[in-house]
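Written below as C-alpha cells is the structure these notes are about.
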Amino acid sequence: MSNEPHGDVIIPAGVLHDPLKDDDLFGVMLPEARIVMLTEDIYEGVYNDIVRGLVRLAIQSKDDVYLHIVSGGGNAFTGLALADAIEQVQREYGVNVVGRAMGQCMSAAFTVLQGCAVRHMGARSWLMM
C-alpha cells in the first residue's frame with residue numbers, strides 16, 4: 001500500500017474514505033476536545049474511522065490529539081497497521097497523538113497504544129500484550 005495524495009493532504013495507506021468529508025464520525029470523535037475514541041475490537045472499519053479522525057484533527061491544529069482506548073483487542077495485523085498509521089500521522093502533520101488506556105487495552109489495542117508518542121493509563125486500567 002502507498003500513501004494517496006489529496007491536494008496538500010496525504011491520506012495514510014488503507015484509508016478508504018476521504019478524512020475531510022463531512023460524513024458522520026460522531027461515534028469515534030469529539031472534535032472540540034481533540035479526542036478520538038477506540039471503543040471496540042479492532043478491524044478494518046475501525047482502522048478507517050480512527051485514522052480519518054486523527055487526520056481531520058491533525059489538519060485543524062498542531063495541538064495534541066488524544067486517542068482514548070477501551071478495547072479487548074481484535075485483528076493483530078490491523079492493530080499493527082493502525083500503530084503504523086498513527087506514527088505516520090504524527091510525522092506527516094507534526095502532531096503528538098497521546099494514547100490513553102481507559103479500562104482494558106489488550107492484544108491488538110496494546111499494539112495501537114504503542115504507536116502513540118505519549119502513553120497514559122488510568123489507575124484501574126489494565127494492559128495485556
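If you're wondering about the labels, chains in the C-alpha cells are A, B, ... by order shown, residues count from 1 in each chain, ligands from 1 in order shown.
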Closest contacts (stretch 13-94 of chain A/stretch 116-128 of chain A, max 12 Å, only C-alpha atoms) as CSV:
```
residue,atom,partner,partner_atom,distance
A:Leu54,CA,A:Cys116,CA,11.5
A:Asp64,CA,A:Val118,CA,9.8
A:Val65,CA,A:Cys116,CA,9.9
A:Tyr66,CA,A:Cys116,CA,9.2
A:Leu67,CA,A:Cys116,CA,8.3
A:His68,CA,A:His120,CA,9.6
A:Ile69,CA,A:Met121,CA,9.4
A:Val70,CA,A:Ser125,CA,9.1
A:Ser71,CA,A:Leu127,CA,10.0
A:Gly72,CA,A:Met128,CA,9.0
A:Gly73,CA,A:Met128,CA,9.2
A:Leu82,CA,A:Cys116,CA,10.2
A:Ala83,CA,A:Cys116,CA,7.4
A:Asp84,CA,A:Cys116,CA,9.5
A:Ala85,CA,A:Cys116,CA,10.0
A:Ile86,CA,A:Cys116,CA,6.6
A:Glu87,CA,A:Cys116,CA,6.8
A:Gln88,CA,A:Cys116,CA,10.3
A:Val89,CA,A:Cys116,CA,10.1
A:Gln90,CA,A:Ala117,CA,7.9
A:Arg91,CA,A:Ala117,CA,10.4
A:Gly94,CA,A:Ala117,CA,11.1
```
Using C-alpha atoms, can you export the residues from the last selection as a compact mmCIF listing (two decimals), in the first residue's frame?
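Final file, part22.txt:
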```txt
# COMPACT_ATOMS: atom_id res chain seq x y z
CA LEU A 54 -6.77 11.63 13.58
CA ASP A 64 -2.03 17.22 20.76
CA VAL A 65 -4.68 14.71 19.67
CA TYR A 66 -5.93 12.26 22.29
CA LEU A 67 -6.73 8.64 21.46
CA HIS A 68 -8.86 7.05 24.19
CA ILE A 69 -8.57 3.27 24.03
CA VAL A 70 -11.02 0.84 25.63
CA SER A 71 -10.67 -2.35 23.61
CA GLY A 72 -10.27 -6.05 24.16
CA GLY A 73 -8.13 -6.34 21.02
CA LEU A 82 -3.13 1.27 12.89
CA ALA A 83 0.00 1.77 15.03
CA ASP A 84 1.96 2.49 11.82
CA ALA A 85 -0.72 4.92 10.63
CA ILE A 86 -0.64 6.76 13.97
CA GLU A 87 3.13 7.14 13.69
CA GLN A 88 2.73 8.38 10.12
CA VAL A 89 0.10 10.97 11.11
CA GLN A 90 2.49 12.23 13.80
CA ARG A 91 5.36 12.54 11.29
CA GLY A 94 3.72 17.34 13.25
```
- Query: So how far away is atom CA of A:Arg34 from atom CA of A:Gly115, in Å?
  - Reply: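 Going from atom CA of A:Gly115 over to atom CA of A:Arg34 covers 17.5 Å.
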- Query: Can you tell me how far atom CA of A:Phe110 sits from atom CA of A:Lys62, in Å to one decimal?
  - Reply: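 Atom CA of A:Phe110 sits 24.9 Å away from atom CA of A:Lys62.
In this structure, atom CA of A:Gly79 sits 6.5 Å away from atom CA of A:Ala109.
Closest approach to A:Ala81 among A:Val51, A:Met37, A:Met129, A:Gly103: A:Val51, based on only C-alpha atoms.
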- Shortest interatomic distance to A:Tyr93 - which of A:Leu113, A:Gly74, A:Thr39, A:Arg56, counting only C-alpha atoms: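 Using only C-alpha atoms, the shortest distance to A:Tyr93 belongs to A:Arg56.
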- Query: In stretch 30-128 of chain A, what's strand (DSSP E) per DSSP? Answer as a list of chain:residue names?
  - Reply: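 DSSP-assigned strand (DSSP E) residues in stretch 30-128 of chain A: A:Leu30, A:Ile35, A:Val36, A:Met37, A:Leu38, A:Val65, A:Tyr66, A:Leu67, A:His68, A:Ile69, A:Val70, A:Ser71, A:Val97, A:Val98, A:Gly99, A:Arg100, A:Ala101, A:Met102, A:Gly103, A:Gln104, A:Cys105, A:Met106, A:Val118, A:Arg119, A:His120, A:Met121, A:Trp126, A:Leu127, A:Met128.
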- Have a look at A:Leu57, A:Thr78, A:Arg52, A:Glu32 and name the one nearest to A:Thr111; count only C-alpha atoms.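 Among the listed residues, A:Thr78 lies closest to A:Thr111.
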